[in-house]
Amino acid sequence: MANTTYSFWKLINELPIEIPIIQRDYAQGRNTAKEIRDTFIDDIKKHLLNDNPLDIDFVYGSVLKGKFIPLDGQQRLTTLFLLHWYLAIKDGKHEDIISVLTRFSYETRTTSRVFCEFLIKKQKNIVELKGSFSGHIKDAAWFFSSWKKDPTIKSMLVMLDTIHASFNNTSGLFEKLINREQPLITFQFIELKEFGLTDNLYIKMNARGKPLTPFENFKAKIEQLIIRLDKTNNTSKAEEFSRKMDMDWTDLFWNYRNLKNHLFDEQFLNFFRVAATNHFAIKNELSTNIEDGLKLLRDNKKNLSFATYENLECIDVDYIDYITATLDHFKNGTAPIKNFLPQSHLLNEKRLFTGAIENTLDYAGLVTFYGLTLYINCYDVRNSEDEGLKEWMRIITNLVEGSRLTYYNNAREYAGSLKSIKAMLPYAKTILSYIADTQNTISGFVGLQIEEERMKANLILLNSSWREKIIKMEGHGYFKGQIGFLLDFSGITSEYELAGNFNWSKEKYKEFEYKLDSYYEKSAFVFDKDGLRPFSDKFLWERALLCKGEYLLKKGQNHSFLINSERDISWKRLLRDNNKERNCVKILFDAFDIVSFEDDLQHIIDDVTATENWRYNFIKHPGTIKICNSNKFIRKQSPKDILLLESSTVSGYNNEYYTYALYLKIKKGTQKYHYEHARGAHSDKYVSINNDEVVIYHTWVDKSLTGKEPAWMYTVVVYGADETEFINESEVIDFLNTYEYNVEVI
């Protein structure tokens, strides 16, 4: 498949040109294509006037039954057809062109074909025309009014107006245009002999729709840029890049098209956009405009013009090389992307690629995508047998996932991760040894996860049997590589920090291995891939854990009993951070057996008797947790000032902890009772008996009002009687029983 330099005049004299019916309409005359149209015509005029050759890129197609059927290039060929007609008529060469230009037609598209034929044969003079050029044509006797609705003819008329506006005051350019010895306007003609022209291939090549889309504009601009870069750097990448865009990479993106309209413009553009996002972030890590630039690049609601990319300076030689290498490695014939990682727990490559072509990757996803593509490009990975890639991506995904919970709050943290990956790339083939060496500084990720990876790397290098064990634990769907808590619980962390190595005796090795296996078994029993297993609706795990300490995590002004999926208040966050809250989990792990799990937890709960501890009611009465919202939030200002939130803020409905616990505990017999919740932190929340015949509050009572020491009091109000204050709950229950409310503690 060789390419040859051709002019339009040479090609049409050798072969009739027929635009196939399956090709999209002529679009360079559309309103959306004004910039391309004006630039193209101005470039041609400039080169003709200055006798300066202009190459307008590649024209592909096949020769069938003695006719050239273009696959790519019909837009430019149609424009050149109109330009040749106009300049010939203008220079008085009408008779010279009739036999030649009638060799240009539209297959079975009757209106377009007949318009071109009539234009050539019947419109013989334009010199005397004034005003709208297309208007005179539409007023001609040979012009059918129905043609005004034909999109191709409408675009041709707009293009003729543009040509007329540009060339009306010129003369003698037709001879320059058709000069065969020194042609000035040329293209690279490629006959696709071995491919043939199937309808499916046409659909692929033209699936970007009939209007000239943002992708068409982007494609034209980036190819022009590469041509300029080739001249500057004395390279020749433009031809190959253009061919791959139209063929190899189109076959890849065809698999990800919109099945309703067969469009894949957006997917193509998003891939370029994601690559530009990472490239821009690395180049501008310390720049003051990094946040604004990334906001533009990541905003899916806005199409980016090529000028925006140029202003951000995120498309250069390195970017072009990265795009080319990445798509070359991902392409898989006519199939979806090639997979390089057979171990699915490491990374879902298909999901990652889908996120890239939808531009939905968060900062962590962008970093992971960069880590994968950088390696396969640098080390030219061709299959899934590259052990270095597996180890590299294990480390990268662990670092990213371990940082996700507290990192990536801003652009610089994201850029720092990218920079760190790029710095480690030269050592990727031996990444385990590089990570294990404390002399090698690693930044750009959360320090806790970096240290965990160092420790695991040393364990694996110490004894290969640890590799299988560690990879198995990292593969847990919820932990996602973060097993620092297991290393800590089993004593391995403290041993490493104390000695700085793992020069263990055989006995100590077996001891640590046993402990690690035991803690992993228990953790895998308690947590599945989604988080805490739903053992019962009585919150046995949370209540038993609360027996071992105050494990709740804080978000804003609230505390949470923890949920499965949230960066600040998840079980995963609790397990990641090495602190007293996480130690509660170890203590509880040591207190139960898997075989008798629920019984053991219930025994732990039953053994709690310290009623003065603020956790007591939460431990004893699961309803105090159940009433909290989906984030399991409470607002704890002090041990005696606690609100149970039914929403995420106190402005929503909430319940006062101690009176709500009392409400859950007492049995009223035949009495009517309910709990009155309310909005706001300081509004009244209380237990109501017999439609407020008796109400019970828990409030702060000042000495100046009661003569008592300031304290939190239960205030009982009986209709028609004075208020009575009680220090503790048991006094309230005794008081209620004197009124024959038959209160019993459940």
# chains A, B, ... in the order shown; residues from 1 in each chain; ligands from 1
>>> residues_around(residues="range 161-169 of chain A", least_positions_apart="6", cutoff="8 Å", atoms="only C-alpha atoms", output="list of chain:residue names")
A:Arg37, A:Asp38, A:Ile41, A:Asp42, A:Lys45, A:Leu83, A:Tyr86, A:Leu87, A:Ser132, A:Phe133, A:Ser134
>>> write_last_selection(atoms="N, CA, C and O atoms", output="mmCIF file, in the first residue's frame")
data_model
loop_
_atom_site.group_PDB
_atom_site.id
_atom_site.type_symbol
_atom_site.label_atom_id
_atom_site.label_comp_id
_atom_site.auth_asym_id
_atom_site.auth_seq_id
_atom_site.Cartn_x
_atom_site.Cartn_y
_atom_site.Cartn_z
ATOM 1 N N ARG A 37 -13.262 25.688 7.059
ATOM 2 C CA ARG A 37 -13.525 26.122 5.678
ATOM 3 C C ARG A 37 -12.693 27.346 5.313
ATOM 4 O O ARG A 37 -12.007 27.376 4.283
ATOM 5 N N ASP A 38 -12.733 28.361 6.158
ATOM 6 C CA ASP A 38 -12.003 29.607 5.879
ATOM 7 C C ASP A 38 -10.498 29.372 5.837
ATOM 8 O O ASP A 38 -9.789 29.887 4.958
ATOM 9 N N ILE A 41 -9.484 27.350 2.537
ATOM 10 C CA ILE A 41 -9.530 28.165 1.315
ATOM 11 C C ILE A 41 -8.441 29.235 1.337
ATOM 12 O O ILE A 41 -7.764 29.489 0.322
ATOM 13 N N ASP A 42 -8.221 29.850 2.493
ATOM 14 C CA ASP A 42 -7.169 30.871 2.596
ATOM 15 C C ASP A 42 -5.790 30.273 2.342
ATOM 16 O O ASP A 42 -4.938 30.892 1.693
ATOM 17 N N LYS A 45 -5.403 29.648 -1.410
ATOM 18 C CA LYS A 45 -5.205 30.919 -2.123
ATOM 19 C C LYS A 45 -3.780 31.426 -1.928
ATOM 20 O O LYS A 45 -3.100 31.835 -2.880
ATOM 21 N N LEU A 83 -13.641 24.243 -6.354
ATOM 22 C CA LEU A 83 -12.631 25.264 -6.622
ATOM 23 C C LEU A 83 -12.176 25.217 -8.083
ATOM 24 O O LEU A 83 -12.024 26.267 -8.730
ATOM 25 N N TYR A 86 -14.924 26.746 -10.200
ATOM 26 C CA TYR A 86 -15.024 28.201 -10.043
ATOM 27 C C TYR A 86 -13.896 28.919 -10.788
ATOM 28 O O TYR A 86 -14.128 29.868 -11.551
ATOM 29 N N LEU A 87 -12.640 28.461 -10.557
ATOM 30 C CA LEU A 87 -11.507 29.154 -11.175
ATOM 31 C C LEU A 87 -11.505 28.975 -12.694
ATOM 32 O O LEU A 87 -11.083 29.888 -13.430
ATOM 33 N N SER A 132 -24.886 37.991 -3.584
ATOM 34 C CA SER A 132 -24.688 36.630 -3.101
ATOM 35 C C SER A 132 -24.452 35.681 -4.263
ATOM 36 O O SER A 132 -25.300 35.541 -5.149
ATOM 37 N N PHE A 133 -23.314 35.027 -4.250
ATOM 38 C CA PHE A 133 -22.989 34.105 -5.332
ATOM 39 C C PHE A 133 -23.950 32.917 -5.341
ATOM 40 O O PHE A 133 -24.518 32.553 -6.368
ATOM 41 N N SER A 134 -24.167 32.330 -4.170
ATOM 42 C CA SER A 134 -25.083 31.188 -4.095
ATOM 43 C C SER A 134 -26.506 31.609 -4.423
ATOM 44 O O SER A 134 -27.300 30.821 -4.957
#
>>> residues_around(residues="Ser523 in chain A", least_positions_apart="6", cutoff="10 Å", atoms="only C-alpha atoms", output="NGL selection string")
:A and (473 or 476 or 479 or 485-486 or 517 or 532 or 585-586 or 589)
>>> select_by_dssp(residues="range 521-739 of chain A", states="strand (DSSP E)", output="number ranges by chain")
A: 527-528, 531-532, 553-555, 558-560, 633-638, 641-645, 653-656, 666-667, 673-676, 678-679, 686-689, 694-701, 711-718, 723-726
>>> closest_residue(among="A:Ala141, A:Leu399, A:Ala411, A:Val608", to="Asn278 in chain A", atoms="only C-alpha atoms")
A:Ala411
>>> closest_residue(among="A:Glu35, A:Glu693, A:Glu14, A:Asp248", to="Glu216 in chain A", atoms="only C-alpha atoms")
A:Glu35
>>> residues_around(residues="Ser730 in chain A", least_positions_apart="3", cutoff="12 Å", atoms="only C-alpha atoms", output="list in words")
Thr611, Glu612, Leu662, Lys665, Ile666, Tyr714, Phe726, Ile727, Ile733, Asp734, Phe735, Leu736, Asn737, Val743, Glu744 and Val745 of chain A
>>> write_last_selection(atoms="all heavy atoms", output="compact mmCIF listing (two decimals), in the first residue's frame")
# COMPACT_ATOMS: atom_id res chain seq x y z
N THR A 611 -22.68 1.22 84.01
CA THR A 611 -23.78 2.04 83.50
C THR A 611 -23.42 3.52 83.38
O THR A 611 -24.06 4.26 82.65
CB THR A 611 -25.01 1.91 84.41
OG1 THR A 611 -24.64 2.30 85.75
CG2 THR A 611 -25.53 0.48 84.42
N GLU A 612 -22.40 3.95 84.12
CA GLU A 612 -22.04 5.37 84.07
C GLU A 612 -21.28 5.74 82.80
O GLU A 612 -21.15 6.92 82.46
CB GLU A 612 -21.20 5.74 85.30
CG GLU A 612 -19.78 5.18 85.34
CD GLU A 612 -19.74 3.73 85.80
OE1 GLU A 612 -20.82 3.17 86.10
OE2 GLU A 612 -18.64 3.16 85.87
N LEU A 662 -34.01 5.62 77.23
CA LEU A 662 -35.04 5.34 78.23
C LEU A 662 -36.33 4.90 77.55
O LEU A 662 -36.98 3.95 77.98
CB LEU A 662 -35.29 6.60 79.07
CG LEU A 662 -36.42 6.52 80.11
CD1 LEU A 662 -36.10 5.46 81.17
CD2 LEU A 662 -36.65 7.88 80.76
N LYS A 665 -36.13 1.37 76.66
CA LYS A 665 -36.00 0.43 77.78
C LYS A 665 -37.32 0.13 78.48
O LYS A 665 -37.51 -0.97 79.00
CB LYS A 665 -35.05 1.00 78.83
CG LYS A 665 -33.61 1.09 78.41
CD LYS A 665 -32.81 1.74 79.53
CE LYS A 665 -31.38 2.02 79.10
NZ LYS A 665 -30.60 2.67 80.18
N ILE A 666 -38.19 1.10 78.57
CA ILE A 666 -39.36 0.94 79.45
C ILE A 666 -40.55 0.35 78.72
O ILE A 666 -40.77 0.59 77.55
CB ILE A 666 -39.72 2.28 80.11
CG1 ILE A 666 -40.04 3.33 79.06
CG2 ILE A 666 -38.62 2.76 81.04
CD1 ILE A 666 -40.44 4.68 79.63
N TYR A 714 -32.47 14.48 84.46
CA TYR A 714 -33.73 14.04 83.87
C TYR A 714 -34.82 14.89 84.49
O TYR A 714 -34.98 14.93 85.71
CB TYR A 714 -34.00 12.56 84.18
CG TYR A 714 -33.13 11.59 83.41
CD1 TYR A 714 -31.95 11.11 83.97
CD2 TYR A 714 -33.52 11.14 82.16
CE1 TYR A 714 -31.17 10.21 83.27
CE2 TYR A 714 -32.74 10.24 81.46
CZ TYR A 714 -31.56 9.78 82.02
OH TYR A 714 -30.79 8.89 81.33
N PHE A 726 -34.16 14.46 88.35
CA PHE A 726 -33.52 13.25 88.83
C PHE A 726 -32.11 13.16 88.24
O PHE A 726 -31.88 13.52 87.09
CB PHE A 726 -34.32 12.02 88.44
CG PHE A 726 -35.73 12.02 88.99
CD1 PHE A 726 -36.78 12.44 88.20
CD2 PHE A 726 -35.98 11.62 90.30
CE1 PHE A 726 -38.07 12.46 88.70
CE2 PHE A 726 -37.26 11.64 90.80
CZ PHE A 726 -38.32 12.06 90.00
N ILE A 727 -31.21 12.66 89.05
CA ILE A 727 -29.81 12.56 88.62
C ILE A 727 -29.62 11.41 87.63
O ILE A 727 -28.88 11.52 86.67
CB ILE A 727 -28.88 12.36 89.84
CG1 ILE A 727 -28.92 13.58 90.73
CG2 ILE A 727 -27.44 12.08 89.37
CD1 ILE A 727 -28.38 14.83 90.08
N ILE A 733 -37.32 5.90 86.65
CA ILE A 733 -38.16 4.70 86.56
C ILE A 733 -38.91 4.47 87.87
O ILE A 733 -40.11 4.16 87.87
CB ILE A 733 -37.29 3.49 86.20
CG1 ILE A 733 -36.75 3.66 84.77
CG2 ILE A 733 -38.08 2.19 86.31
CD1 ILE A 733 -35.76 2.60 84.35
N ASP A 734 -38.24 4.64 89.01
CA ASP A 734 -38.91 4.50 90.31
C ASP A 734 -40.04 5.51 90.45
O ASP A 734 -41.13 5.19 90.95
CB ASP A 734 -37.90 4.69 91.45
CG ASP A 734 -36.91 3.54 91.55
OD1 ASP A 734 -37.21 2.47 90.98
OD2 ASP A 734 -35.84 3.74 92.15
N PHE A 735 -39.79 6.73 90.00
CA PHE A 735 -40.80 7.78 90.09
C PHE A 735 -42.03 7.43 89.24
O PHE A 735 -43.17 7.58 89.67
CB PHE A 735 -40.22 9.11 89.63
CG PHE A 735 -41.20 10.24 89.57
CD1 PHE A 735 -41.58 10.92 90.73
CD2 PHE A 735 -41.78 10.61 88.36
CE1 PHE A 735 -42.51 11.95 90.67
CE2 PHE A 735 -42.69 11.64 88.29
CZ PHE A 735 -43.06 12.32 89.45
N LEU A 736 -41.78 6.95 88.05
CA LEU A 736 -42.89 6.59 87.17
C LEU A 736 -43.72 5.46 87.77
O LEU A 736 -44.96 5.44 87.63
CB LEU A 736 -42.37 6.18 85.79
CG LEU A 736 -41.74 7.29 84.94
CD1 LEU A 736 -41.16 6.71 83.65
CD2 LEU A 736 -42.76 8.38 84.62
N ASN A 737 -43.07 4.53 88.45
CA ASN A 737 -43.80 3.42 89.05
C ASN A 737 -44.68 3.86 90.21
O ASN A 737 -45.71 3.24 90.48
CB ASN A 737 -42.83 2.34 89.52
CG ASN A 737 -42.35 1.47 88.36
OD1 ASN A 737 -43.11 1.23 87.43
ND2 ASN A 737 -41.11 1.01 88.43
N VAL A 743 -43.75 0.67 84.98
CA VAL A 743 -42.56 0.69 84.13
C VAL A 743 -41.64 -0.46 84.51
O VAL A 743 -41.34 -0.66 85.69
CB VAL A 743 -41.81 2.03 84.29
CG1 VAL A 743 -40.51 1.99 83.48
CG2 VAL A 743 -42.69 3.16 83.82
N GLU A 744 -41.23 -1.21 83.53
CA GLU A 744 -40.29 -2.30 83.75
C GLU A 744 -39.09 -2.12 82.84
O GLU A 744 -39.23 -1.70 81.69
CB GLU A 744 -40.95 -3.65 83.44
CG GLU A 744 -42.17 -3.94 84.29
CD GLU A 744 -42.85 -5.21 83.88
OE1 GLU A 744 -42.26 -5.93 83.05
OE2 GLU A 744 -43.96 -5.49 84.37
N VAL A 745 -37.92 -2.44 83.35
CA VAL A 745 -36.72 -2.36 82.54
C VAL A 745 -36.63 -3.60 81.66
O VAL A 745 -36.72 -4.72 82.15
CB VAL A 745 -35.46 -2.25 83.41
CG1 VAL A 745 -34.21 -2.26 82.53
CG2 VAL A 745 -35.51 -1.00 84.26
>>> decode(residues="range 290-304 of chain A", atoms="N, CA and C atoms", output="PDB file, in the first residue's frame")
ATOM      1  N   ILE A 290      -2.439  25.224  37.870  1.00  0.00           N
ATOM      2  CA  ILE A 290      -2.715  23.800  37.726  1.00  0.00           C
ATOM      3  C   ILE A 290      -4.174  23.480  38.034  1.00  0.00           C
ATOM      4  N   GLU A 291      -4.753  24.090  39.076  1.00  0.00           N
ATOM      5  CA  GLU A 291      -6.142  23.805  39.436  1.00  0.00           C
ATOM      6  C   GLU A 291      -7.086  24.220  38.318  1.00  0.00           C
ATOM      7  N   ASP A 292      -6.892  25.430  37.787  1.00  0.00           N
ATOM      8  CA  ASP A 292      -7.767  25.926  36.721  1.00  0.00           C
ATOM      9  C   ASP A 292      -7.642  25.081  35.464  1.00  0.00           C
ATOM     10  N   GLY A 293      -6.409  24.724  35.121  1.00  0.00           N
ATOM     11  CA  GLY A 293      -6.192  23.914  33.927  1.00  0.00           C
ATOM     12  C   GLY A 293      -6.845  22.548  34.040  1.00  0.00           C
ATOM     13  N   LEU A 294      -6.700  21.903  35.202  1.00  0.00           N
ATOM     14  CA  LEU A 294      -7.296  20.587  35.394  1.00  0.00           C
ATOM     15  C   LEU A 294      -8.818  20.657  35.445  1.00  0.00           C
ATOM     16  N   LYS A 295      -9.338  21.747  35.957  1.00  0.00           N
ATOM     17  CA  LYS A 295     -10.798  21.922  35.978  1.00  0.00           C
ATOM     18  C   LYS A 295     -11.346  21.936  34.555  1.00  0.00           C
ATOM     19  N   LEU A 296     -10.642  22.606  33.659  1.00  0.00           N
ATOM     20  CA  LEU A 296     -11.050  22.646  32.251  1.00  0.00           C
ATOM     21  C   LEU A 296     -10.973  21.257  31.618  1.00  0.00           C
ATOM     22  N   LEU A 297      -9.860  20.577  31.854  1.00  0.00           N
ATOM     23  CA  LEU A 297      -9.621  19.289  31.205  1.00  0.00           C
ATOM     24  C   LEU A 297     -10.565  18.198  31.690  1.00  0.00           C
ATOM     25  N   ARG A 298     -11.020  18.306  32.928  1.00  0.00           N
ATOM     26  CA  ARG A 298     -11.828  17.237  33.507  1.00  0.00           C
ATOM     27  C   ARG A 298     -13.329  17.513  33.457  1.00  0.00           C
ATOM     28  N   ASP A 299     -13.716  18.664  32.919  1.00  0.00           N
ATOM     29  CA  ASP A 299     -15.127  19.037  32.859  1.00  0.00           C
ATOM     30  C   ASP A 299     -15.790  18.389  31.645  1.00  0.00           C
ATOM     31  N   ASN A 300     -16.575  17.348  31.889  1.00  0.00           N
ATOM     32  CA  ASN A 300     -17.223  16.628  30.794  1.00  0.00           C
ATOM     33  C   ASN A 300     -18.334  17.423  30.122  1.00  0.00           C
ATOM     34  N   LYS A 301     -18.766  18.498  30.753  1.00  0.00           N
ATOM     35  CA  LYS A 301     -19.880  19.267  30.206  1.00  0.00           C
ATOM     36  C   LYS A 301     -19.437  20.216  29.096  1.00  0.00           C
ATOM     37  N   LYS A 302     -18.135  20.376  28.934  1.00  0.00           N
ATOM     38  CA  LYS A 302     -17.635  21.326  27.946  1.00  0.00           C
ATOM     39  C   LYS A 302     -16.720  20.638  26.935  1.00  0.00           C
ATOM     40  N   ASN A 303     -16.969  20.915  25.663  1.00  0.00           N
ATOM     41  CA  ASN A 303     -16.035  20.473  24.624  1.00  0.00           C
ATOM     42  C   ASN A 303     -14.841  21.419  24.609  1.00  0.00           C
ATOM     43  N   LEU A 304     -13.662  20.854  24.474  1.00  0.00           N
ATOM     44  CA  LEU A 304     -12.458  21.677  24.442  1.00  0.00           C
ATOM     45  C   LEU A 304     -12.012  21.893  23.004  1.00  0.00           C
TER      46      LEU A 304
END
